[in-house]
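J.: What follows is the file data31.txt, containing compact mmCIF, C-alpha atoms:
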# COMPACT_ATOMS: atom_id res chain seq x y z
CA GLU A 1000 -23.88 -16.06 4.66
CA PRO A 1001 -21.33 -15.81 7.48
CA GLU A 1002 -20.46 -12.30 8.54
CA VAL A 1003 -17.76 -10.43 10.38
CA THR A 1004 -19.40 -8.71 13.34
CA GLN A 1005 -18.08 -5.69 15.18
CA THR A 1006 -19.11 -4.15 18.47
CA PRO A 1007 -19.93 -1.52 19.46
CA SER A 1008 -21.19 0.27 16.38
CA HIS A 1009 -20.35 3.61 17.96
CA GLN A 1010 -18.00 4.39 20.85
CA VAL A 1011 -17.52 7.78 22.41
CA THR A 1012 -14.58 8.24 24.74
CA GLN A 1013 -12.59 11.01 26.34
CA MET A 1014 -9.04 11.77 25.30
CA GLY A 1015 -6.55 9.69 27.27
CA GLN A 1016 -8.96 6.85 27.94
CA GLU A 1017 -8.44 3.28 26.81
CA VAL A 1018 -10.84 1.72 24.33
CA ILE A 1019 -11.26 -1.83 23.11
CA LEU A 1020 -12.93 -2.47 19.80
CA ARG A 1021 -14.23 -5.97 19.30
CA CYS A 1022 -14.60 -8.15 16.26
CA VAL A 1023 -15.80 -11.68 15.65
CA PRO A 1024 -14.29 -12.87 12.35
CA ILE A 1025 -15.83 -15.56 10.20
CA SER A 1026 -15.27 -18.84 11.98
CA ASN A 1027 -13.03 -20.69 9.50
CA HIS A 1028 -10.94 -17.63 8.66
CA LEU A 1029 -7.33 -17.54 9.77
CA TYR A 1030 -6.09 -14.07 8.80
CA PHE A 1031 -7.38 -10.97 10.50
CA TYR A 1032 -7.00 -7.27 9.85
CA TRP A 1033 -7.85 -3.87 11.23
CA TYR A 1034 -8.32 -0.85 8.98
CA ARG A 1035 -9.46 2.64 9.78
CA GLN A 1036 -11.04 5.48 7.86
CA ILE A 1037 -10.83 9.02 9.13
CA LEU A 1038 -13.84 10.97 7.92
CA GLY A 1039 -13.40 11.95 4.29
CA GLN A 1040 -10.08 10.17 3.93
CA LYS A 1041 -8.77 6.86 2.61
CA VAL A 1042 -9.33 3.50 4.22
CA GLU A 1043 -5.94 2.80 5.82
CA PHE A 1044 -4.34 -0.48 6.81
CA LEU A 1045 -3.43 -0.75 10.48
CA VAL A 1046 -2.39 -4.32 11.19
CA SER A 1047 -2.64 -7.92 10.06
CA PHE A 1048 -2.65 -10.92 12.39
CA TYR A 1049 -2.09 -14.61 11.79
CA ASN A 1050 -1.28 -17.55 14.00
CA ASN A 1051 -1.59 -15.44 17.13
CA GLU A 1052 0.91 -12.85 16.10
CA ILE A 1053 1.15 -9.66 14.13
CA SER A 1054 2.31 -10.32 10.58
CA GLU A 1055 2.47 -6.72 9.42
CA LYS A 1056 1.69 -3.31 10.84
CA SER A 1057 1.61 0.18 9.42
CA GLU A 1058 3.28 3.32 10.70
CA ILE A 1059 -0.05 4.32 12.24
CA PHE A 1060 0.02 1.26 14.49
CA ASP A 1061 2.31 2.65 17.16
CA ASP A 1062 2.82 1.60 20.78
CA GLN A 1063 -0.63 2.93 21.71
CA PHE A 1064 -2.24 0.17 19.67
CA SER A 1065 -2.39 -3.54 20.35
CA VAL A 1066 -4.34 -6.50 19.03
CA GLU A 1067 -5.32 -9.74 20.63
CA ARG A 1068 -7.24 -12.89 19.90
CA PRO A 1069 -8.08 -13.81 23.47
CA ASP A 1070 -10.36 -16.78 23.05
CA GLY A 1071 -10.24 -18.20 19.54
CA SER A 1072 -13.28 -16.28 18.33
CA ASN A 1073 -12.84 -12.61 19.22
CA PHE A 1074 -10.25 -10.32 17.69
CA THR A 1075 -9.75 -7.04 19.55
CA LEU A 1076 -8.06 -3.73 18.88
CA LYS A 1077 -7.00 -1.78 21.95
CA ILE A 1078 -6.01 1.85 21.97
CA ARG A 1079 -4.25 2.53 25.26
CA SER A 1080 -4.58 6.29 25.53
CA THR A 1081 -6.83 7.76 22.89
CA LYS A 1082 -6.06 10.99 21.09
CA LEU A 1083 -8.42 13.28 19.22
CA GLU A 1084 -6.88 12.16 15.94
CA ASP A 1085 -7.87 8.55 16.67
CA SER A 1086 -11.45 9.50 15.86
CA ALA A 1087 -12.32 7.37 12.84
CA MET A 1088 -14.31 4.42 11.60
CA TYR A 1089 -12.46 1.19 12.42
CA PHE A 1090 -13.06 -1.85 10.26
CA CYS A 1091 -12.19 -5.42 11.08
CA ALA A 1092 -11.67 -7.90 8.24
CA SER A 1093 -10.85 -11.55 7.85
CA THR A 1094 -10.00 -14.01 5.12
CA VAL A 1095 -9.51 -17.75 4.96
CA SER A 1096 -6.20 -17.44 3.16
CA PRO A 1097 -4.21 -14.48 1.80
CA VAL A 1098 -3.54 -16.12 -1.54
CA GLY A 1099 -3.80 -14.18 -4.79
CA GLY A 1100 -7.13 -12.44 -5.02
CA SER A 1101 -8.85 -14.00 -2.01
CA PRO A 1102 -11.23 -11.30 -0.82
CA LEU A 1103 -11.29 -9.83 2.64
CA HIS A 1104 -14.62 -9.88 4.42
CA PHE A 1105 -15.31 -6.71 6.37
CA GLY A 1106 -17.46 -5.91 9.36
CA ASN A 1107 -19.78 -2.90 9.50
CA GLY A 1108 -17.24 -0.91 11.45
CA THR A 1109 -17.04 0.84 14.81
CA ARG A 1110 -17.21 4.60 14.77
CA LEU A 1111 -14.86 5.90 17.44
CA THR A 1112 -15.31 9.48 18.60
CA VAL A 1113 -12.66 10.90 20.92
CA THR A 1114 -13.68 14.10 22.71
CA GLY B 577 4.86 1.99 -2.42
CA ASP B 578 1.60 0.77 -3.87
CA SER B 579 -1.16 3.30 -4.39
CA VAL B 580 -4.63 3.64 -5.88
CA THR B 581 -6.02 6.83 -7.37
CA GLN B 582 -9.74 7.10 -7.71
CA MET B 583 -12.07 9.53 -9.37
CA GLU B 584 -13.10 12.31 -7.02
CA GLY B 585 -16.69 12.37 -5.94
CA PRO B 586 -19.41 12.84 -5.24
CA VAL B 587 -21.08 11.60 -8.38
CA THR B 588 -24.79 12.16 -8.93
CA LEU B 589 -26.62 10.47 -11.79
CA SER B 590 -30.17 9.92 -12.87
CA GLU B 591 -31.61 6.42 -12.82
CA GLU B 592 -30.74 4.39 -15.94
CA ALA B 593 -27.70 6.55 -16.71
CA PHE B 594 -24.35 5.04 -17.66
CA LEU B 595 -21.77 4.98 -14.89
CA THR B 596 -18.00 5.14 -15.04
CA ILE B 597 -15.80 5.53 -11.98
CA ASN B 598 -12.15 5.82 -12.89
CA CYS B 599 -9.40 4.01 -11.00
CA THR B 600 -5.70 3.83 -11.71
CA TYR B 601 -3.01 2.15 -9.69
CA THR B 602 0.71 2.11 -9.05
CA ALA B 603 2.25 -1.16 -7.96
CA THR B 604 5.24 -3.33 -8.63
CA GLY B 605 4.70 -6.77 -10.06
CA TYR B 606 1.23 -8.14 -10.71
CA PRO B 607 -1.36 -6.92 -8.23
CA SER B 608 -4.90 -8.19 -7.88
CA LEU B 609 -7.53 -5.49 -8.27
CA PHE B 610 -10.84 -5.07 -6.48
CA TRP B 611 -13.90 -2.89 -6.24
CA TYR B 612 -15.54 -2.76 -2.83
CA VAL B 613 -18.88 -1.09 -2.11
CA GLN B 614 -20.17 0.41 1.11
CA TYR B 615 -23.93 0.87 1.35
CA PRO B 616 -25.23 3.33 3.95
CA GLY B 617 -24.73 2.01 7.46
CA GLU B 618 -22.97 -1.14 6.31
CA GLY B 619 -19.43 -2.46 6.01
CA LEU B 620 -17.28 -2.86 2.93
CA GLN B 621 -18.47 -5.58 0.57
CA LEU B 622 -16.55 -7.06 -2.30
CA LEU B 623 -18.24 -6.06 -5.55
CA LEU B 624 -15.88 -7.62 -8.10
CA LYS B 625 -12.26 -8.49 -8.66
CA ALA B 626 -9.67 -9.32 -11.32
CA THR B 627 -6.43 -11.09 -10.64
CA LYS B 628 -4.50 -10.77 -13.89
CA ALA B 629 -4.19 -8.53 -16.91
CA ASP B 630 -7.18 -8.43 -19.28
CA ASP B 631 -9.41 -10.19 -16.76
CA LYS B 632 -12.89 -8.71 -16.47
CA GLY B 633 -14.61 -8.78 -13.12
CA SER B 634 -18.39 -8.51 -13.09
CA ASN B 635 -21.22 -8.58 -10.58
CA LYS B 636 -24.70 -7.05 -10.26
CA GLY B 637 -24.37 -5.42 -13.69
CA PHE B 638 -21.06 -3.77 -12.80
CA GLU B 639 -17.91 -4.53 -14.79
CA ALA B 640 -14.24 -3.62 -14.61
CA THR B 641 -11.37 -4.76 -16.80
CA TYR B 642 -7.79 -5.07 -15.57
CA ARG B 643 -5.72 -2.99 -18.02
CA LYS B 644 -2.05 -3.39 -17.34
CA GLU B 645 -1.00 -1.12 -20.19
CA THR B 646 -2.88 1.81 -18.68
CA THR B 647 -2.68 0.58 -15.06
CA SER B 648 -6.42 1.06 -14.78
CA PHE B 649 -9.47 -0.75 -13.43
CA HIS B 650 -12.41 1.51 -14.23
CA LEU B 651 -15.82 0.55 -12.89
CA GLU B 652 -18.77 0.68 -15.32
CA LYS B 653 -22.47 -0.03 -15.29
CA GLY B 654 -24.77 0.43 -18.21
CA SER B 655 -27.91 1.46 -16.34
CA VAL B 656 -27.74 2.47 -12.70
CA GLN B 657 -30.53 2.12 -10.17
CA VAL B 658 -31.37 4.05 -7.03
CA SER B 659 -30.23 1.02 -5.04
CA ASP B 660 -26.69 1.48 -6.42
CA SER B 661 -26.27 4.60 -4.29
CA ALA B 662 -23.23 3.86 -2.14
CA VAL B 663 -19.54 4.60 -1.74
CA TYR B 664 -17.30 2.66 -4.12
CA PHE B 665 -13.67 1.85 -3.30
CA CYS B 666 -11.03 0.67 -5.73
CA ALA B 667 -8.31 -1.42 -4.07
CA LEU B 668 -5.38 -3.69 -4.76
CA THR B 669 -3.35 -6.42 -3.14
CA ASN B 670 0.17 -7.16 -4.17
CA PRO B 671 1.63 -10.68 -4.07
CA SER B 672 5.08 -9.15 -3.69
CA ASN B 673 3.99 -8.43 -0.11
CA PHE B 674 5.02 -12.02 0.66
CA GLY B 675 1.57 -13.49 0.99
CA ASN B 676 0.10 -10.88 3.26
CA GLU B 677 -2.92 -9.76 1.31
CA LYS B 678 -3.05 -6.27 2.67
CA LEU B 679 -5.50 -4.13 0.72
CA THR B 680 -4.45 -0.69 -0.46
CA PHE B 681 -7.54 1.46 -1.00
CA GLY B 682 -8.41 4.48 -3.03
CA THR B 683 -10.23 7.39 -1.41
CA GLY B 684 -13.70 6.14 -2.33
CA THR B 685 -16.30 7.70 -4.63
CA ARG B 686 -19.75 8.50 -3.29
CA LEU B 687 -22.42 7.73 -5.87
CA THR B 688 -25.96 9.03 -5.58
CA ILE B 689 -28.64 7.95 -8.03
CA ILE B 690 -31.75 10.09 -8.26
CA PRO B 691 -35.06 8.70 -9.53
Since I need it in another form, could you write the structure as structure tokens?

T.:
Amino acid sequence: EPEVTQTPSHQVTQMGQEVILRCVPISNHLYFYWYRQILGQKVEFLVSFYNNEISEKSEIFDDQFSVERPDGSNFTLKIRSTKLEDSAMYFCASTVSPVGGSPLHFGNGTRLTVT
Amino acid sequence: GDSVTQMEGPVTLSEEAFLTINCTYTATGYPSLFWYVQYPGEGLQLLLKATKADDKGSNKGFEATYRKETTSFHLEKGSVQVSDSAVYFCALTNPSNFGNEKLTFGTGTRLTIIP
């Protein structure tokens, strides 16, 4: 079965550094998402992306965050200047069509640790 | 805004016990409801879903019924196995979000089954 793949599985970075989290969505999917989960807390929506543009973003997704689909297969999340509170598990997801009840397919996540 | 409230964990049961994990929601309109499961070291996987009132979602022996009158979507299994040990997330999408199927998650319930 096709999978959403995320790399790396674990990223450690120093505060203030830039990080890029990478995702390869399922090939025929058109809608892409990033979520994050701070340890012990809810899974939170960050951003959705369709047709090469952001379709919705949460309050968390401030100017430090950006997303890109650079080559038609990868979908990246960039954090420009990481803060300690950015430490979390980041999940990428994709779906073929956001129509009533279509499930999102998630990757295994990237654990980001900011020191 | 939309929200999902889930039974606090962790939950520890013996093998073959009956499982219930409570989930209630707040949403305008007619949301679709989901249970996702996260096995150790893996991403979020769709377990089951229901898209309208009184629908019952089922998979791998798990069931949940969409109850609009009580705004609930409780997860049940008649006889749990050690392999069911995982974190379970209740979630919803809301068509009133203009086609953007953003998932709103509960906090997750960690389930441990002991032999």

J.: Would you kindly return, as a PyMOL selection string, each protein, DNA or RNA residue with an atom no farther than 7 Å from any atom of region 1062-1073 of chain A, considering only C-alpha atoms and excluding same-chain residues fewer than 3 positions away?

T.: chain A and resi 1021-1024+1051+1076-1080

J.: Counting all atoms listed in the file, which of A:Ile1025, A:Val1011, A:Val1113, A:Leu1045 gets nearest to chain B?

T.: A:Leu1045

J.: What are the residues of chain A that have an atom within 9 Å of an atom of chain B, counting all atoms listed in the file, as a ChimeraX atom specification?

T.: /A:1030,1032,1039-1044,1046-1047,1054-1055,1090,1096-1108

J.: Please determine, counting only C-alpha atoms, which residue among B:Gly605, B:Gly585, B:Gly577, B:Gly637 has the shortest atom-to-atom distance to Gln657 (chain B).

T.: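 Looking at the shortest contact to Gln657 (chain B), the residue is B:Gly637.
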
J.: When you draw a straight line from CA of Glu1017 (chain A) to CA of Asn1050 (chain A), how long is it in Å?

T.: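 These atoms are spaced 25.5 Å apart.
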
J.: To one decimal place, how far is CA of Tyr642 (chain B) from CA of Thr1094 (chain A) in Å?

T.: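 Answer for the CA of Tyr642 (chain B) to CA of Thr1094 (chain A) separation: 22.6 Å.
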
J.: As a count of residues only, please: the residues near Val656 (chain B) (cut-off 7 Å, all atoms listed in the file, same-chain neighbours under 6 positions excluded).

T.: 5

J.: Considering all atoms listed in the file, can you say which of A:Tyr1089, A:Ile1059, A:Thr1109, A:Thr1114 comes closest to Pro1007 (chain A)?

T.: A:Thr1109

J.: Find, counting all atoms listed in the file, the residue in B:Thr602, B:Ser579, B:Ile597, B:Ser590 that gets nearest to Val658 (chain B).

T.: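 Of B:Thr602, B:Ser579, B:Ile597, B:Ser590, the one nearest Val658 (chain B), counting all atoms listed in the file, is B:Ser590.
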
J.: Quick one: of B:Leu687, B:Asn635, B:Thr647, B:Asn598, who's nearest to Ser659 (chain B), counting only C-alpha atoms?

T.: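 Ranking B:Leu687, B:Asn635, B:Thr647, B:Asn598 by distance to Ser659 (chain B), first place goes to B:Leu687.
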
J.: Given the choices B:Ala640, B:Ala629, B:Ile690, B:Cys599, which gets closest to Cys666 (chain B) if the distance is worked out from all atoms listed in the file?

T.: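 The closest residue to Cys666 (chain B) is B:Cys599.
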
J.: Grab the CA of Thr604 (chain B) to CA of Tyr1034 (chain A) distance for me, in Å with one decimal place.

T.: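 Separating CA of Thr604 (chain B) from CA of Tyr1034 (chain A) is a distance of 22.4 Å.
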